[in-house]
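Participant: Let me begin by handing over the structure; questions about it come next.
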There are 4 protein chains.
Amino acid sequence: MGKLNVAIMGATGMVGQQYIRLLEKHPWFEISILMGKRSAGKKFGDAVEWVGSYDPPSKVKEVVVSEIEPEKQAADLFFSCLPSEVAREVEGKFAQKYPVVSDTSAYRMESDVPIIIPELNSEHIKIIERQKRERGWKGFIVTGPNCTTTGLAVALKPLDEAYNVRKVFVTTMQAVSGAGYPGVPSLLIIDNVIPYIKDEEEKVARETRKILGKFQNGIIVENDMMVAASCNRVPVIDGHLESVYIETEKKVNVEEAKSILRDFKGVPQELKLPSAPEKPILVREENDRPQPRRDRDSGSVPGMSVVVGRVRKGLDEYSLQFTVLSHNTIRGAAGNAILTAELLYRMEYIK
Amino acid sequence: MGKLNVAIMGATGMVGQQYIRLLEKHPWFEISILMGKRSAGKKFGDAVEWVGSYDPPSKVKEVVVSEIEPEKQAADLFFSCLPSEVAREVEGKFAQKYPVVSDTSAYRMESDVPIIIPELNSEHIKIIERQKRERGWKGFIVTGPNCTTTGLAVALKPLDEAYNVRKVFVTTMQAVSGAGYPGVPSLLIIDNVIPYIKDEEEKVARETRKILGKFQNGIIVENDMMVAASCNRVPVIDGHLESVYIETEKKVNVEEAKSILRDFKGVPQELKLPSAPEKPILVREENDRPQPRRDRDSGSVPGMSVVVGRVRKGLDEYSLQFTVLSHNTIRGAAGNAILTAELLYRMEYIK
Amino acid sequence: MGKLNVAIMGATGMVGQQYIRLLEKHPWFEISILMGKRSAGKKFGDAVEWVGSYDPPSKVKEVVVSEIEPEKQAADLFFSCLPSEVAREVEGKFAQKYPVVSDTSAYRMESDVPIIIPELNSEHIKIIERQKRERGWKGFIVTGPNCTTTGLAVALKPLDEAYNVRKVFVTTMQAVSGAGYPGVPSLLIIDNVIPYIKDEEEKVARETRKILGKFQNGIIVENDMMVAASCNRVPVIDGHLESVYIETEKKVNVEEAKSILRDFKGVPQELKLPSAPEKPILVREENDRPQPRRDRDSGSVPGMSVVVGRVRKGLDEYSLQFTVLSHNTIRGAAGNAILTAELLYRMEYIK
Amino acid sequence: MGKLNVAIMGATGMVGQQYIRLLEKHPWFEISILMGKRSAGKKFGDAVEWVGSYDPPSKVKEVVVSEIEPEKQAADLFFSCLPSEVAREVEGKFAQKYPVVSDTSAYRMESDVPIIIPELNSEHIKIIERQKRERGWKGFIVTGPNCTTTGLAVALKPLDEAYNVRKVFVTTMQAVSGAGYPGVPSLLIIDNVIPYIKDEEEKVARETRKILGKFQNGIIVENDMMVAASCNRVPVIDGHLESVYIETEKKVNVEEAKSILRDFKGVPQELKLPSAPEKPILVREENDRPQPRRDRDSGSVPGMSVVVGRVRKGLDEYSLQFTVLSHNTIRGAAGNAILTAELLYRMEYIK
């Protein structure tokens, strides 16, 4: 049996480069098309401003980047990490015919489009049946969350199930790779912190509620926890760190909370999907972990586990504090999308 | 009239170096003694590992560092920025005879010792009368807060007066100079964040309550606001940035809150003390300010104003979010202590 | 007597911002026009992506940026820090009528255009008489060197006079502000060094030879020293550091060389020009200086002195090693141009 | 056949931690003893200030660190990365009985002790026969070079063979991990470069001459090339970058020089030693490589290949310029020592 042909739309960007790296030896998927707006017509190796510490596979360097035109391209699956200003139109056109798994925000908040973190809400995938039906699409769009939402949502999921989380106060310290390439000018971030990331705080609040919502009667009913976010950019290459304070309905026991986080598993672990980390959440006991540089690649599938540490009491028994780290371009983008595609394949939405 | 002779205990450390810089041209105070434990007997210029971007005054470089012995030293005022492990014993001995203004944590939480931020709680100074009486000291100890507490407390004061702050959730992003010298190894902090600073979270919570407390019937009655802190070290040289969320008893109006912060003044401004900034709080309207590197030295007395930005709504009308920056070795240490000494001088506690 | 009206072409860029800061309280010059290509028609405060740690003067923020059209603009002096792709045409047009002092590379290597560092080669200014005559210009163009050339050339000048420098091996470690804004992406430079800066090595070699050349019989005869440069970008905000090894014709004595550097003075010091530092070269004796962050603003006019350290023996008696630092956007750009304009004014080329 | 028991002296330091990581799955060697001065008696996991981005193997964490006493310890091989102040005495004592492979400078410049880079000078190993005989030792000491010498020497070796290198001008930009732990304070290096590393320049010059020397008539005859080094510390975690200019006796052809570097192989490659990279030298053709963060782990054995780029003409035909990168704690320390031990084992000096 051959591998599925996958296309990457926005292949030359930061997240596109992660797709290429992560898919290089993928057991089920094979890159057949690279698409880009400005780079169309050039060899990928010439068009890309490659930023990683590994080199692009030489085969990929020779691929000529295609234009983004649904009429001309065919693949079993389209990954999209396009700039948001073009994503809306393009993804919609491709979804008329093909499965699209997108990291962009274009369709995330549409009521019939799920935001999937496979360990958390695989049941939301079913909504694409309604999506296809009502939109008259042969394909569909499934999205992944903003890179800042991901780590937070993963950590909240088991805690919400156990304690019913009511309020979340989160302050993020985000890596520069989250802003893409060229992204944050070094002039602005060396010896500095920028206490603002456009639209990020709203996204974190809304997406978290949707991801942690329930799929009932064919619709996604948002979780009613309230999220107040404060987003900061720090001089770190990869890995978003987040200080979290939660208020809960039920009493929280710190040691129990750690066990709950540590033991959390989801469908990808059951199905042993290729990109599923053994443990979605790693809990560290040291005082001073997780740290972005040291922990962003930890776990059995580097960059796919969320690392939680400093789990401790809040101001009263109905609260908890902790620190979350997740790799923003892997679990927060390309890695999560590939895991989602693996799940879609096993659920036979992609064939 | 001559200047007062002041001594600096712990002169070779990071904060000691700030004292030397700030006092170089002080109108009222003149450095007469530099004291240090390991450096005693050496010329200051030889003993110090000077880290600033200005050079120590050549006169100061020639001063021979003295041992820290109360019997042998006399001055009108002793500033202490000793390592905490020696501070307790030494400061107590000096206070038997002399005024001591300390940046250390040794005596901060003693019930008869005030933690002074001159704009906030100058009335707490009166407690030193009890302190002298009950301890039988001719001198006294007045302390300043931990460098992380300072910016937070300054911003909270006028908001608490206006809205009665009940809960505070604060996540800090602290500069490496806050850890002294040699302090944080570069190996640990380049491309990284360390989500932990020993004892810092407890200090922020307790000190804030004490500073914002009332002086009643000869005792300091702590403010009953609750503070949950999460402290992080970031790769920034100077300037502690803090993301703050507050819950209040009274309804908050964002524009009004900004005016209240902007208009806040204290006794140092009325008395026009030499180190008092024109405005204790600068409010910025840009989305992405304050930033440590760009704003830490702003205001009429560089490093003495606290900069507040991103003032915005919280989850409901009884809440507010904002970001605070303060220069940790100036307003958070030496500068605040010098301002305190100026106030003590004008109140005639130091002569 | 009123101040001269000066215009800044390319005002919203990094160097433009330095002009605005440095000219804010200038005794002779007053900014009357700000020009920019993309920002024309907007208020400067709205158009600029201001990056400094000081705020632009409020008066300047209200200035509407003008188009760059020689027919429509008049001023006593035009400073140019335009992007190189537009500089050639624009500067030439303005020079037909007005004095132009340029930081760009467009005209630097023209045989009738001098590259001026006022302390080094003020006599080269005379060539503008030929320039005006032959080109039929009423105005003229005087340029300043590339920011990397500046520090090197200043240090070489007195050593060349004393020892006749034959070969120069220089490795630079350059600040990110040298690349303008947005310039170097933080993704590329955090925890990294980039061992290449486009065209920089050639510029350093050629410009040094020209600046240190002699003005003879109406032409600039290049110095025949040979310069091999290796240029690197490091994660530093401001200040280009350069490791230099020179081979000389005459025997070098290290202590004498230090005296020669320390005692060096030029025309700006004699004329006491407003932007002239007391000492063009500061020599440090510590093992580990100069350092960019700590020394870039040293001297009597911050950023205008070149700092030399680690002066030591080379492999034989006809060689010398040392380290040079200069502030790339001040002495290496705006500051040097303003000093040049001051000199032109005193020489009555600008009226 | 069982594995050889190896001991690590100075196991808790930065280089010690690299040994532990690199030996975790070594086919021939097994860690049996960890030794340390201050940490003796404690479990390794409690004693170590672990700094890597991987965790120490759990088995190793439980090992109780031993005192450094030759009478009490036995192993087939002792790796030493002790602080230099204790290394001299301790290594000498152990060498009386056991093979010692050392990263320290204590014995490097002794005439009967070789400094080995296995690809370069494996024939120097024979001198240990004289060493054992004359010192009356049953064991011996073999050293590795200073981390800054390594990359330079590797690149020079094939060029010296082809062109006879006469002079070397090298400016280094060294990573903070080269200073060990805690090493360089972050206060000194953020937004900065420190243009000095104690004793480093002398080491680079002397060690290079010795390593590239010939083994003749039982002695190592130093190479007579002259090396002038200028050493700088930059804010980079791992990877020493060096700008090199060489003068040669024979004419240099750039393309040929690149081939010579690219094709260079040594004994470890022939013997296919476990830690030998396929290519000791990787040559990059891009303008802007090698870069520390992106290239330090490249090659078939991460951190063991030296990466050379920017190979280009010097000032005349008898010169060449290039940039070298090597991973300072792997090829520059633990990795090189392990490769040396592998070679000693295959040569049957260790059994």
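FYI, nothing fancy with the structure tokens labels: chains A, B, ... in order, residues from 1 per chain, ligands from 1 as they appear.
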For stretch 119-121 of chain C, find every residue with an atom within 12 Å (counting only C-alpha atoms), except residues of its own chain fewer than 2 positions away, and show them as an MDAnalysis selection string.

Facilitator: chainID C and resid 114:117 123:127 144:145 150:161 208:215 220 264:273 275:281 304:306 331 336 339:340 343

Participant: Within 7 Å of chain A, which residues of chain B come that close, and what is the closest atom pair and distance in Å for each? Count only C-alpha atoms and give it as a tab-separated table.

Facilitator:
residue	atom	partner	partner_atom	distance
B:Thr171	CA	A:Thr171	CA	6.4
B:Asp191	CA	A:Val236	CA	4.3
B:Asn192	CA	A:Arg293	CA	5.3
B:Val193	CA	A:Gln291	CA	5.8
B:Ile194	CA	A:Gln291	CA	5.7
B:Pro195	CA	A:Asp288	CA	5.5
B:Tyr196	CA	A:Asp288	CA	5.0
B:Ala228	CA	A:Leu315	CA	6.5
B:Ser230	CA	A:Ser243	CA	6.7
B:Pro235	CA	A:Asp191	CA	6.2
B:Val236	CA	A:Asp191	CA	4.3
B:Ile237	CA	A:Asp191	CA	6.1
B:Ser243	CA	A:Ser230	CA	6.7
B:Asn287	CA	A:Tyr196	CA	6.5
B:Asp288	CA	A:Tyr196	CA	5.0
B:Arg289	CA	A:Pro195	CA	6.4
B:Gln291	CA	A:Ile194	CA	5.7
B:Pro292	CA	A:Asn192	CA	5.5
B:Arg293	CA	A:Asn192	CA	5.3
B:Gly314	CA	A:Ala228	CA	6.9
B:Leu315	CA	A:Ala228	CA	6.5

Participant: Quick one: residues within 10 Å of stretch 29-40 of chain B, only C-alpha atoms counted, chain neighbours fewer than 5 positions away excluded, as an NGL selection string?

Facilitator: :B and (2-13 or 16 or 19-20 or 23-24 or 46-48 or 60 or 63-69 or 73-83 or 86 or 338 or 341-342)

Participant: Between atom CA of A:Val165 and atom CA of A:Ile246, what is the distance, to one decimal in Å?

Facilitator: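 So the answer is 6.6 Å.
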
Participant: Write out as a VMD selection string which residues come within 10 Å of C:Tyr107 when counting only C-alpha atoms, dropping same-chain ones fewer than 5 positions away.

Facilitator: chain C and resid 84 87 to 88 91 to 92 102 112 to 115 141 to 144

Participant: Tell me, which residues of stretch 62-236 of chain B carry DSSP helix (DSSP H, G or I), written as a VMD selection string?

Facilitator: chain B and resid 62 84 to 95 118 to 135 147 to 163 176 to 179 186 to 189 200 to 211

Participant: For the residues selected in the previous step, produce a file with C-alpha atoms as a PDB file, in the first residue's frame.

Facilitator:
ATOM      1  CA  GLU B  62      40.704  54.815  45.965  1.00  0.00           C
ATOM      2  CA  SER B  84      20.899  38.271  53.587  1.00  0.00           C
ATOM      3  CA  GLU B  85      22.866  35.722  55.590  1.00  0.00           C
ATOM      4  CA  VAL B  86      24.944  38.409  57.311  1.00  0.00           C
ATOM      5  CA  ALA B  87      22.416  41.236  57.252  1.00  0.00           C
ATOM      6  CA  ARG B  88      20.403  40.217  60.284  1.00  0.00           C
ATOM      7  CA  GLU B  89      23.195  40.358  62.795  1.00  0.00           C
ATOM      8  CA  VAL B  90      25.024  43.318  61.337  1.00  0.00           C
ATOM      9  CA  GLU B  91      22.058  45.595  60.788  1.00  0.00           C
ATOM     10  CA  GLY B  92      20.841  44.979  64.328  1.00  0.00           C
ATOM     11  CA  LYS B  93      24.197  45.964  65.763  1.00  0.00           C
ATOM     12  CA  PHE B  94      24.444  49.164  63.766  1.00  0.00           C
ATOM     13  CA  ALA B  95      20.850  50.101  64.592  1.00  0.00           C
ATOM     14  CA  PRO B 118       7.965  56.917  50.290  1.00  0.00           C
ATOM     15  CA  GLU B 119       5.082  57.754  47.961  1.00  0.00           C
ATOM     16  CA  LEU B 120       2.916  55.013  49.466  1.00  0.00           C
ATOM     17  CA  ASN B 121       3.260  54.736  53.194  1.00  0.00           C
ATOM     18  CA  SER B 122       5.406  57.488  54.659  1.00  0.00           C
ATOM     19  CA  GLU B 123       3.179  57.367  57.751  1.00  0.00           C
ATOM     20  CA  HIS B 124       4.568  53.897  58.562  1.00  0.00           C
ATOM     21  CA  ILE B 125       7.824  55.601  59.426  1.00  0.00           C
ATOM     22  CA  LYS B 126       6.429  56.592  62.769  1.00  0.00           C
ATOM     23  CA  ILE B 127       6.643  53.011  63.942  1.00  0.00           C
ATOM     24  CA  ILE B 128      10.358  53.433  64.410  1.00  0.00           C
ATOM     25  CA  GLU B 129       9.588  55.358  67.571  1.00  0.00           C
ATOM     26  CA  ARG B 130       8.162  52.175  69.035  1.00  0.00           C
ATOM     27  CA  GLN B 131      11.015  50.224  67.518  1.00  0.00           C
ATOM     28  CA  LYS B 132      13.616  52.386  69.269  1.00  0.00           C
ATOM     29  CA  ARG B 133      11.749  52.395  72.526  1.00  0.00           C
ATOM     30  CA  GLU B 134      11.073  48.685  72.756  1.00  0.00           C
ATOM     31  CA  ARG B 135      14.433  47.528  71.426  1.00  0.00           C
ATOM     32  CA  CYS B 147      12.623  44.599  44.041  1.00  0.00           C
ATOM     33  CA  THR B 148       9.659  42.646  42.671  1.00  0.00           C
ATOM     34  CA  THR B 149       7.216  43.973  45.216  1.00  0.00           C
ATOM     35  CA  THR B 150       8.009  47.601  44.496  1.00  0.00           C
ATOM     36  CA  GLY B 151       6.474  48.143  41.081  1.00  0.00           C
ATOM     37  CA  LEU B 152       3.417  46.115  41.969  1.00  0.00           C
ATOM     38  CA  ALA B 153       2.793  47.939  45.240  1.00  0.00           C
ATOM     39  CA  VAL B 154       3.160  51.359  43.622  1.00  0.00           C
ATOM     40  CA  ALA B 155       0.587  50.533  40.952  1.00  0.00           C
ATOM     41  CA  LEU B 156      -1.800  48.911  43.427  1.00  0.00           C
ATOM     42  CA  LYS B 157      -1.832  51.761  45.945  1.00  0.00           C
ATOM     43  CA  PRO B 158      -4.000  54.271  44.058  1.00  0.00           C
ATOM     44  CA  LEU B 159      -6.160  51.498  42.606  1.00  0.00           C
ATOM     45  CA  ASP B 160      -6.752  50.050  46.055  1.00  0.00           C
ATOM     46  CA  GLU B 161      -7.758  53.452  47.365  1.00  0.00           C
ATOM     47  CA  ALA B 162     -10.205  53.913  44.521  1.00  0.00           C
ATOM     48  CA  TYR B 163     -11.604  50.421  44.074  1.00  0.00           C
ATOM     49  CA  VAL B 176      18.943  39.091  35.762  1.00  0.00           C
ATOM     50  CA  SER B 177      20.381  42.002  37.730  1.00  0.00           C
ATOM     51  CA  GLY B 178      17.788  41.197  40.374  1.00  0.00           C
ATOM     52  CA  ALA B 179      19.842  38.126  41.258  1.00  0.00           C
ATOM     53  CA  SER B 186      24.381  32.824  31.191  1.00  0.00           C
ATOM     54  CA  LEU B 187      24.290  29.110  30.388  1.00  0.00           C
ATOM     55  CA  LEU B 188      20.894  28.926  32.038  1.00  0.00           C
ATOM     56  CA  ILE B 189      19.198  32.012  30.664  1.00  0.00           C
ATOM     57  CA  GLU B 200      10.141  35.553  45.743  1.00  0.00           C
ATOM     58  CA  GLU B 201       6.459  34.710  45.441  1.00  0.00           C
ATOM     59  CA  GLU B 202       5.961  34.622  49.196  1.00  0.00           C
ATOM     60  CA  LYS B 203       7.813  37.920  49.614  1.00  0.00           C
ATOM     61  CA  VAL B 204       5.676  39.672  47.018  1.00  0.00           C
ATOM     62  CA  ALA B 205       2.495  38.522  48.696  1.00  0.00           C
ATOM     63  CA  ARG B 206       3.452  39.378  52.268  1.00  0.00           C
ATOM     64  CA  GLU B 207       5.304  42.612  51.634  1.00  0.00           C
ATOM     65  CA  THR B 208       2.519  44.022  49.476  1.00  0.00           C
ATOM     66  CA  ARG B 209       0.006  43.450  52.242  1.00  0.00           C
ATOM     67  CA  LYS B 210       2.247  45.127  54.782  1.00  0.00           C
ATOM     68  CA  ILE B 211       3.195  48.128  52.630  1.00  0.00           C
TER      69      ILE B 211
END

Participant: Write out as a short mmCIF file (atom, residue, chain, number, x, y, z; two decimals) with C-alpha atoms, in the first residue's frame all residues of stretch 168-234 of chain A that DSSP puts in strand (DSSP E or B) for this structure's backbone.

Facilitator:
data_model
loop_
_atom_site.label_atom_id
_atom_site.label_comp_id
_atom_site.auth_asym_id
_atom_site.auth_seq_id
_atom_site.Cartn_x
_atom_site.Cartn_y
_atom_site.Cartn_z
CA VAL A 168 -8.31 30.96 34.09
CA PHE A 169 -5.70 33.70 34.48
CA VAL A 170 -2.81 33.06 32.14
CA THR A 171 0.30 35.10 31.38
CA THR A 172 2.33 33.88 28.44
CA MET A 173 6.02 34.24 27.63
CA GLN A 174 6.16 33.37 23.95
CA PRO A 185 13.13 42.23 14.73
CA ILE A 194 7.32 42.94 24.43
CA LYS A 214 -18.94 19.49 24.20
CA PHE A 215 -20.18 18.05 20.95
CA GLN A 216 -23.94 17.72 21.48
CA ILE A 219 -23.07 21.33 17.51
CA ILE A 220 -20.08 22.31 19.59
CA VAL A 221 -21.30 23.83 22.83
CA MET A 226 -13.66 32.33 31.53
CA VAL A 227 -10.12 32.97 30.36
CA ALA A 228 -8.14 36.18 30.92
CA ALA A 229 -4.86 36.14 29.03
CA SER A 230 -1.88 38.45 29.03
CA CYS A 231 0.55 37.69 26.19
CA ASN A 232 4.23 38.61 26.12
CA ARG A 233 7.07 38.01 23.67
#

Participant: Pick out the residues sitting within 8 Å of D:Asn253, and hand them over as a list in words; count only C-alpha atoms, and ignore anything fewer than 3 positions along from it in its own chain.

Facilitator: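 What passes the distance filter is Glu256, Ala257 and Glu317 of chain D.
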
Participant: Keeping N, CA and C atoms, export the residues of the selection given above as a PDB file, in the first residue's frame.

Facilitator:
ATOM      1  N   GLU D 256      40.346  24.338  -4.737  1.00  0.00           N
ATOM      2  CA  GLU D 256      41.161  23.196  -4.326  1.00  0.00           C
ATOM      3  C   GLU D 256      41.192  23.088  -2.805  1.00  0.00           C
ATOM      4  N   ALA D 257      41.340  24.229  -2.148  1.00  0.00           N
ATOM      5  CA  ALA D 257      41.376  24.224  -0.677  1.00  0.00           C
ATOM      6  C   ALA D 257      40.086  23.645  -0.110  1.00  0.00           C
ATOM      7  N   GLU D 317      47.855  35.635  -3.285  1.00  0.00           N
ATOM      8  CA  GLU D 317      47.680  34.214  -3.616  1.00  0.00           C
ATOM      9  C   GLU D 317      48.263  33.270  -2.569  1.00  0.00           C
TER      10      GLU D 317
END
